[in-house]
file query_28.csv (CSV, C-alpha atoms)
chain,number,residue,atom,x,y,z
A,160,MET,CA,0.0,0.0,0.0
A,161,ASP,CA,1.2,3.5,-0.9
A,162,ASP,CA,1.5,5.7,2.2
A,163,ARG,CA,1.4,8.9,0.2
A,164,GLY,CA,-1.4,11.3,0.4
A,165,GLY,CA,-4.0,11.6,-2.3
A,166,GLY,CA,-3.3,13.8,-5.2
A,167,GLY,CA,-6.7,15.3,-5.6
A,168,GLY,CA,-5.6,18.8,-5.4
A,169,SER,CA,-6.9,19.5,-1.9
A,170,PHE,CA,-5.4,19.8,1.6
A,171,VAL,CA,-6.8,17.4,4.1
A,172,ALA,CA,-7.1,18.4,7.8
A,173,VAL,CA,-8.7,16.6,10.7
A,174,ARG,CA,-11.6,18.0,12.7
A,175,ARG,CA,-12.2,16.7,16.2
A,176,ILE,CA,-15.9,16.3,17.1
A,177,SER,CA,-15.4,14.4,20.3
A,178,GLN,CA,-16.9,17.0,22.6
A,179,GLY,CA,-19.7,15.4,24.6
A,180,LEU,CA,-18.9,11.9,23.6
A,181,ASP,CA,-18.6,9.1,26.1
A,182,ARG,CA,-14.9,8.7,26.9
A,183,GLY,CA,-15.4,5.1,27.7
A,184,SER,CA,-16.6,4.2,24.2
A,185,ALA,CA,-14.7,1.5,22.5
A,186,CYS,CA,-15.0,3.4,19.2
A,187,HIS,CA,-13.2,6.6,20.3
A,188,SER,CA,-11.3,6.8,17.0
A,189,THR,CA,-14.6,7.7,15.2
A,190,SER,CA,-14.3,11.1,16.9
A,191,ALA,CA,-12.5,12.5,13.9
A,192,GLU,CA,-13.5,13.1,10.3
A,193,ALA,CA,-11.5,14.4,7.4
A,194,VAL,CA,-12.5,17.7,5.9
A,195,ALA,CA,-11.0,19.1,2.8
A,196,GLY,CA,-10.0,22.7,2.1
A,197,SER,CA,-8.1,24.5,-0.5
A,198,ALA,CA,-4.4,25.0,-0.1
A,199,ALA,CA,-3.1,25.6,-3.6
A,200,TRP,CA,-0.3,27.7,-2.1
A,201,LEU,CA,1.4,24.8,-0.5
A,202,GLY,CA,1.1,21.2,0.6
A,203,ARG,CA,-1.5,19.6,-1.7
A,204,GLY,CA,-1.8,16.0,-0.6
A,205,LEU,CA,-0.8,16.6,3.0
A,206,SER,CA,-3.1,14.7,5.2
A,207,CYS,CA,-3.4,13.5,8.8
A,208,VAL,CA,-2.9,9.8,9.3
A,209,CYS,CA,-3.6,10.0,13.0
A,210,ALA,CA,-7.3,9.1,12.8
A,211,GLN,CA,-6.6,5.6,11.5
A,212,ARG,CA,-7.5,2.8,14.0
A,213,ARG,CA,-4.7,0.5,15.0
A,214,ASP,CA,-5.0,-3.1,16.1
A,215,SER,CA,-3.3,-2.2,19.4
A,216,ASP,CA,-6.4,-0.1,20.3
A,217,ALA,CA,-8.2,-3.3,21.3
A,218,ARG,CA,-5.8,-4.0,24.2
A,219,ALA,CA,-7.2,-4.2,27.7
A,220,SER,CA,-7.2,-1.0,29.8
A,221,PHE,CA,-4.5,-0.2,32.3
A,222,ASP,CA,-5.2,0.8,35.9
A,223,LEU,CA,-4.2,4.2,37.0
A,224,THR,CA,-3.1,5.7,40.3
A,225,PRO,CA,-5.3,8.4,41.8
A,226,GLY,CA,-2.7,10.9,40.8
A,227,GLN,CA,-2.5,9.7,37.2
A,228,GLU,CA,-6.3,9.8,37.0
A,229,GLU,CA,-6.3,13.5,38.1
A,230,CYS,CA,-3.6,14.4,35.6
A,231,LEU,CA,-5.4,12.6,32.8
A,232,GLU,CA,-8.7,14.4,33.7
A,233,ARG,CA,-7.0,17.8,33.6
A,234,LEU,CA,-5.4,17.0,30.3
A,235,GLN,CA,-8.7,15.7,28.9
A,236,ASN,CA,-10.4,19.0,30.0
A,237,ARG,CA,-7.8,20.8,27.8
A,238,LEU,CA,-8.6,18.6,24.9
A,239,ASP,CA,-12.3,19.4,25.1
A,240,VAL,CA,-11.7,23.2,24.7
A,241,ALA,CA,-12.5,24.2,21.1
A,242,TYR,CA,-10.8,27.3,19.7
A,243,ASP,CA,-13.2,30.2,20.0
A,244,SER,CA,-12.3,33.5,18.4
A,245,SER,CA,-14.7,35.4,20.6
A,246,ILE,CA,-12.9,34.4,23.8
A,247,PRO,CA,-10.2,37.1,24.8
A,248,GLU,CA,-7.8,34.4,26.2
A,249,HIS,CA,-7.9,32.6,22.8
A,250,GLN,CA,-7.3,35.9,20.9
A,251,GLU,CA,-4.4,36.8,23.2
A,252,ALA,CA,-2.8,33.4,22.7
A,253,LEU,CA,-3.0,33.8,18.9
A,254,TRP,CA,-1.5,37.3,19.1
A,255,ALA,CA,1.3,35.8,21.3
A,256,LEU,CA,2.0,33.1,18.8
A,257,TRP,CA,2.5,35.6,16.0
A,258,HIS,CA,4.8,37.8,18.1
A,259,ALA,CA,6.8,34.7,19.1
A,260,ALA,CA,7.1,33.5,15.5
A,261,PHE,CA,7.7,36.9,13.9
A,262,PRO,CA,9.2,39.2,16.6
A,263,GLY,CA,9.2,42.8,15.4
A,264,GLU,CA,6.8,42.2,12.5
A,265,GLU,CA,3.4,43.9,13.0
A,266,LEU,CA,0.3,41.8,12.5
A,267,HIS,CA,-2.5,43.6,10.8
A,268,GLY,CA,-5.2,41.5,12.4
A,269,LEU,CA,-6.2,38.0,13.6
A,270,ILE,CA,-7.7,37.5,10.1
A,271,SER,CA,-4.9,38.4,7.7
A,272,GLU,CA,-3.1,37.1,4.7
A,273,GLN,CA,0.0,37.3,6.8
A,274,TRP,CA,-0.9,34.1,8.6
A,275,LYS,CA,0.0,32.1,5.5
A,276,GLU,CA,3.6,32.9,6.2
A,277,MET,CA,3.4,30.6,9.2
A,278,GLY,CA,1.8,27.8,7.2
A,279,TRP,CA,-1.9,28.2,7.8
A,280,GLN,CA,-4.3,27.2,5.0
A,281,GLY,CA,-5.8,30.7,4.7
A,282,LYS,CA,-6.0,34.1,6.3
A,283,ASP,CA,-8.0,32.9,9.3
A,284,PRO,CA,-6.0,30.3,11.4
A,285,SER,CA,-9.0,29.6,13.6
A,286,THR,CA,-10.5,27.5,10.8
A,287,ASP,CA,-7.4,25.2,11.1
A,288,PHE,CA,-7.7,24.8,14.9
A,289,ARG,CA,-10.7,22.5,14.3
A,290,GLY,CA,-8.1,19.8,13.9
A,291,GLY,CA,-6.8,19.9,17.4
A,292,GLY,CA,-8.8,22.5,19.3
A,293,PHE,CA,-7.3,25.3,21.6
A,294,ILE,CA,-4.7,22.9,22.8
A,295,SER,CA,-3.1,22.8,19.4
A,296,LEU,CA,-2.5,26.6,19.7
A,297,GLU,CA,-1.2,26.1,23.3
A,298,ASN,CA,1.2,23.4,21.9
A,299,LEU,CA,2.6,25.8,19.3
A,300,LEU,CA,2.9,28.6,21.8
A,301,TYR,CA,4.7,26.3,24.3
A,302,PHE,CA,7.1,25.2,21.6
A,303,ALA,CA,7.8,28.8,20.6
A,304,ARG,CA,8.4,30.0,24.2
A,305,ASN,CA,10.4,27.0,25.5
A,306,PHE,CA,12.5,26.0,22.4
A,307,PRO,CA,12.6,29.2,20.3
A,308,LYS,CA,15.7,28.1,18.4
A,309,SER,CA,14.1,24.8,17.2
A,310,PHE,CA,10.8,26.6,16.6
A,311,GLN,CA,12.4,29.1,14.3
A,312,GLU,CA,14.5,26.4,12.6
A,313,LEU,CA,11.3,24.5,11.7
A,314,LEU,CA,9.3,27.5,10.8
A,315,TRP,CA,11.9,28.7,8.3
A,316,LYS,CA,13.1,25.2,7.3
A,317,GLN,CA,16.7,26.1,8.1
A,318,GLU,CA,18.2,22.7,8.5
A,319,GLY,CA,19.2,20.1,6.0
A,320,ASP,CA,18.7,19.7,2.2
A,321,ARG,CA,15.0,20.8,1.9
A,322,SER,CA,12.4,19.8,-0.7
A,323,LEU,CA,11.1,22.2,-3.2
A,324,TRP,CA,7.6,21.5,-1.8
A,325,GLU,CA,7.7,21.6,2.0
A,326,TYR,CA,5.1,20.8,4.6
A,327,PRO,CA,3.3,23.8,5.9
A,328,PHE,CA,4.6,24.4,9.5
A,329,ALA,CA,1.5,25.5,11.4
A,330,VAL,CA,-0.9,23.0,9.9
A,331,ALA,CA,1.6,20.2,10.4
A,332,GLY,CA,1.6,21.2,14.1
A,333,VAL,CA,-2.1,20.8,14.3
A,334,ASN,CA,-1.7,17.3,12.8
A,335,ILE,CA,0.9,16.5,15.4
A,336,THR,CA,-1.4,17.4,18.3
A,337,PHE,CA,-4.1,15.2,16.9
A,338,MET,CA,-1.8,12.3,16.2
A,339,LEU,CA,-0.5,12.4,19.8
A,340,ILE,CA,-4.1,12.4,21.2
A,341,GLN,CA,-4.8,9.3,19.2
A,342,MET,CA,-1.4,7.5,19.8
A,343,LEU,CA,-1.7,8.1,23.6
A,344,ASP,CA,-5.4,7.1,23.7
A,345,LEU,CA,-6.1,10.3,25.7
A,346,GLU,CA,-9.9,10.3,25.0
A,347,ALA,CA,-10.4,7.0,26.9
A,348,VAL,CA,-11.2,6.8,30.6
A,349,LYS,CA,-8.2,4.6,31.0
A,350,PRO,CA,-5.4,4.0,28.4
A,351,ARG,CA,-5.7,0.9,26.4
A,352,THR,CA,-2.2,0.8,25.0
A,353,LEU,CA,1.1,0.4,26.8
A,354,VAL,CA,2.4,3.5,25.2
A,355,GLY,CA,-0.6,5.5,26.6
A,356,ALA,CA,-0.1,4.0,30.1
A,357,THR,CA,3.6,4.8,30.0
A,358,PHE,CA,3.0,8.4,29.0
A,359,LEU,CA,0.6,8.9,32.0
A,360,LYS,CA,3.5,8.0,34.3
A,361,PHE,CA,5.5,10.9,32.8
A,362,LEU,CA,2.4,13.2,33.0
A,363,ALA,CA,2.0,12.5,36.7
A,364,GLU,CA,5.5,13.8,37.2
A,365,ASN,CA,5.3,16.7,34.8
A,366,GLU,CA,2.0,18.6,34.1
A,367,SER,CA,3.6,19.9,30.9
A,368,ALA,CA,4.5,16.4,29.6
A,369,PHE,CA,2.0,16.6,26.7
A,370,ASP,CA,3.4,20.0,25.5
A,371,LEU,CA,7.0,18.8,25.9
A,372,LEU,CA,6.2,15.6,24.0
A,373,TYR,CA,4.7,17.7,21.2
A,374,CYS,CA,7.9,19.7,20.9
A,375,ILE,CA,9.9,16.4,20.7
A,376,THR,CA,7.6,15.0,18.1
A,377,PHE,CA,7.7,18.1,15.9
A,378,LYS,CA,11.5,18.0,15.8
A,379,LEU,CA,11.4,14.3,15.2
A,380,LEU,CA,9.0,14.7,12.4
A,381,ASP,CA,11.4,17.2,10.7
A,382,HIS,CA,14.3,14.8,11.3
A,383,GLU,CA,12.4,11.9,9.6
A,384,TRP,CA,11.4,14.3,6.8
A,385,LEU,CA,15.0,15.1,6.0
A,386,ALA,CA,16.1,11.5,6.5
A,387,MET,CA,13.5,10.3,4.0
A,388,ARG,CA,14.2,13.1,1.6
A,389,ALA,CA,10.5,13.7,1.7
A,390,SER,CA,8.3,16.1,-0.3
A,391,TYR,CA,4.7,17.2,0.4
A,392,MET,CA,3.2,14.0,-1.0
A,393,ASP,CA,5.2,11.9,1.5
A,394,PHE,CA,3.7,13.6,4.6
A,395,ASN,CA,1.6,10.5,5.5
A,396,ALA,CA,4.6,8.2,5.4
A,397,VAL,CA,6.7,10.6,7.4
A,398,MET,CA,4.0,10.9,10.1
A,399,LYS,CA,3.8,7.1,10.3
A,400,ALA,CA,7.5,6.8,10.6
A,401,THR,CA,7.5,9.5,13.3
A,402,ARG,CA,4.8,7.7,15.3
A,403,ARG,CA,6.6,4.4,15.1
A,404,GLN,CA,9.9,5.9,16.3
A,405,LEU,CA,8.1,7.8,19.1
A,406,GLU,CA,6.3,4.7,20.4
A,407,THR,CA,9.6,2.8,20.3
A,408,GLU,CA,11.4,5.4,22.4
A,409,LEU,CA,8.5,5.8,24.9
A,410,LEU,CA,8.6,2.0,25.6
A,411,GLN,CA,12.3,1.8,26.3
A,412,GLU,CA,12.7,0.3,29.7
A,413,ASP,CA,15.4,2.7,30.9
A,414,ILE,CA,13.4,5.9,30.2
A,415,THR,CA,12.3,7.6,33.4
A,416,CYS,CA,11.3,11.0,32.0
A,417,LEU,CA,10.7,12.6,28.6
A,418,GLN,CA,14.1,14.4,28.7
A,419,GLU,CA,15.7,11.0,28.4
A,420,LEU,CA,14.1,10.1,25.1
A,421,PRO,CA,16.7,9.9,22.4
A,422,SER,CA,14.8,12.4,20.2
A,423,TYR,CA,14.8,15.0,23.0
A,424,SER,CA,18.4,15.7,22.1
A,425,LEU,CA,17.2,17.1,18.7
A,426,LEU,CA,15.7,20.1,20.5
A,427,SER,CA,17.6,23.2,21.2
A,428,ARG,CA,16.6,26.3,23.1

call {"tool": "encode", "arguments": {"input": "query_28.csv", "output": "structure tokens"}}
result
Amino acid sequence: MDDRGGGGGSFVAVRRISQGLDRGSACHSTSAEAVAGSAAWLGRGLSCVCAQRRDSDARASFDLTPGQEECLERLQNRLDVAYDSSIPEHQEALWALWHAAFPGEELHGLISEQWKEMGWQGKDPSTDFRGGGFISLENLLYFARNFPKSFQELLWKQEGDRSLWEYPFAVAGVNITFMLIQMLDLEAVKPRTLVGATFLKFLAENESAFDLLYCITFKLLDHEWLAMRASYMDFNAVMKATRRQLETELLQEDITCLQELPSYSLLSR
């Protein structure tokens, strides 16, 4: 089977519609649907592979400590927050993301053609946040604030021998948020995969574990992109390779925190 995205001339994003669903449902992976939008400027064929159901999803659930349950509940509450352009906090976060990405460059408005410079599909980035909700904006902002050097390197594609047709930075970030939610089984009452249960141990020790893992994953994605000499039609294959490598690293027996993951060393502040 070819892992490449379809060549139908449209960009495929993923919209989460899980709000209000029973977290205990065995069919949690149906909480996403693909929606197509125009992106002739860049990245035709880029799609999210993260909504695909995996055989490992059928594993028995893992018991959690009370502390892990509390941390998971707080993270799930974050997952359920949709981006709302009418909420001042959300507006401020979007402004902050722009200033972190382009310091010194004036933004003319939250709806502006300037957003395409960051790799959004259109002039209104809020339409792309449907793929991961407000947490996908929080992830990008955490990345920009805590690892500004790596953030800028990925934004401007500064490392390696780059493809003529590159993945769009911001929308790729939303795809990563969604992929991690699925990979870690975060919409279930209890994790049903070993990798999900392992992550909750890290989360209990560090409330920012999801955001940190996001940064690691984004840098790993770009590392895989360069190693595979990928172009925009290869994005699905690169996402799959990134997920496989991340799962392998998370399940290493000697890892006690996310900073010990081999791919953490790819990040720079």

call {"tool": "closest_residue", "arguments": {"input": "query_28.csv", "among": "A:Ser322, A:Gln317, A:Thr336, A:Gln341", "to": "Ala386 in chain A", "atoms": "only C-alpha atoms"}}
result
A:Ser322

call {"tool": "atom_distance", "arguments": {"input": "query_28.csv", "atom1": "CA of Lys316 in chain A", "atom2": "CA of Phe377 in chain A"}}
result
12.4 Å

call {"tool": "closest_atom_pairs", "arguments": {"input": "query_28.csv", "of": "range 287-393 of chain A", "to": "range 240-264 of chain A", "cutoff": "10 Å", "atoms": "only C-alpha atoms", "output": "Markdown table"}}
result
| residue | atom | partner | partner_atom | distance |
| --- | --- | --- | --- | --- |
| A:Asp287 | CA | A:Tyr242 | CA | 9.5 |
| A:Phe288 | CA | A:Tyr242 | CA | 6.2 |
| A:Arg289 | CA | A:Tyr242 | CA | 7.2 |
| A:Gly290 | CA | A:Ala241 | CA | 9.5 |
| A:Gly291 | CA | A:Ala241 | CA | 8.0 |
| A:Gly292 | CA | A:Ala241 | CA | 4.5 |
| A:Phe293 | CA | A:Tyr242 | CA | 4.5 |
| A:Ile294 | CA | A:Val240 | CA | 7.3 |
| A:Ser295 | CA | A:Tyr242 | CA | 8.9 |
| A:Leu296 | CA | A:Leu253 | CA | 7.3 |
| A:Glu297 | CA | A:Ala252 | CA | 7.5 |
| A:Leu299 | CA | A:Leu256 | CA | 7.3 |
| A:Leu300 | CA | A:Leu256 | CA | 5.5 |
| A:Tyr301 | CA | A:Leu256 | CA | 9.2 |
| A:Phe302 | CA | A:Leu256 | CA | 9.8 |
| A:Ala303 | CA | A:Ala259 | CA | 6.2 |
| A:Arg304 | CA | A:Ala259 | CA | 7.1 |
| A:Pro307 | CA | A:Ala259 | CA | 8.1 |
| A:Phe310 | CA | A:Ala260 | CA | 7.9 |
| A:Gln311 | CA | A:Ala260 | CA | 7.0 |
| A:Leu314 | CA | A:Ala260 | CA | 7.9 |
| A:Trp315 | CA | A:Ala260 | CA | 9.9 |

call {"tool": "atom_distance", "arguments": {"input": "query_28.csv", "atom1": "CA of Val348 in chain A", "atom2": "CA of Gln418 in chain A"}}
result
26.5 Å

call {"tool": "atom_distance", "arguments": {"input": "query_28.csv", "atom1": "CA of Glu408 in chain A", "atom2": "CA of Gly319 in chain A"}}
result
23.4 Å

call {"tool": "closest_residue", "arguments": {"input": "query_28.csv", "among": "A:Met398, A:Leu410, A:Ile270, A:Ala329", "to": "His382 in chain A", "atoms": "only C-alpha atoms"}}
result
A:Met398
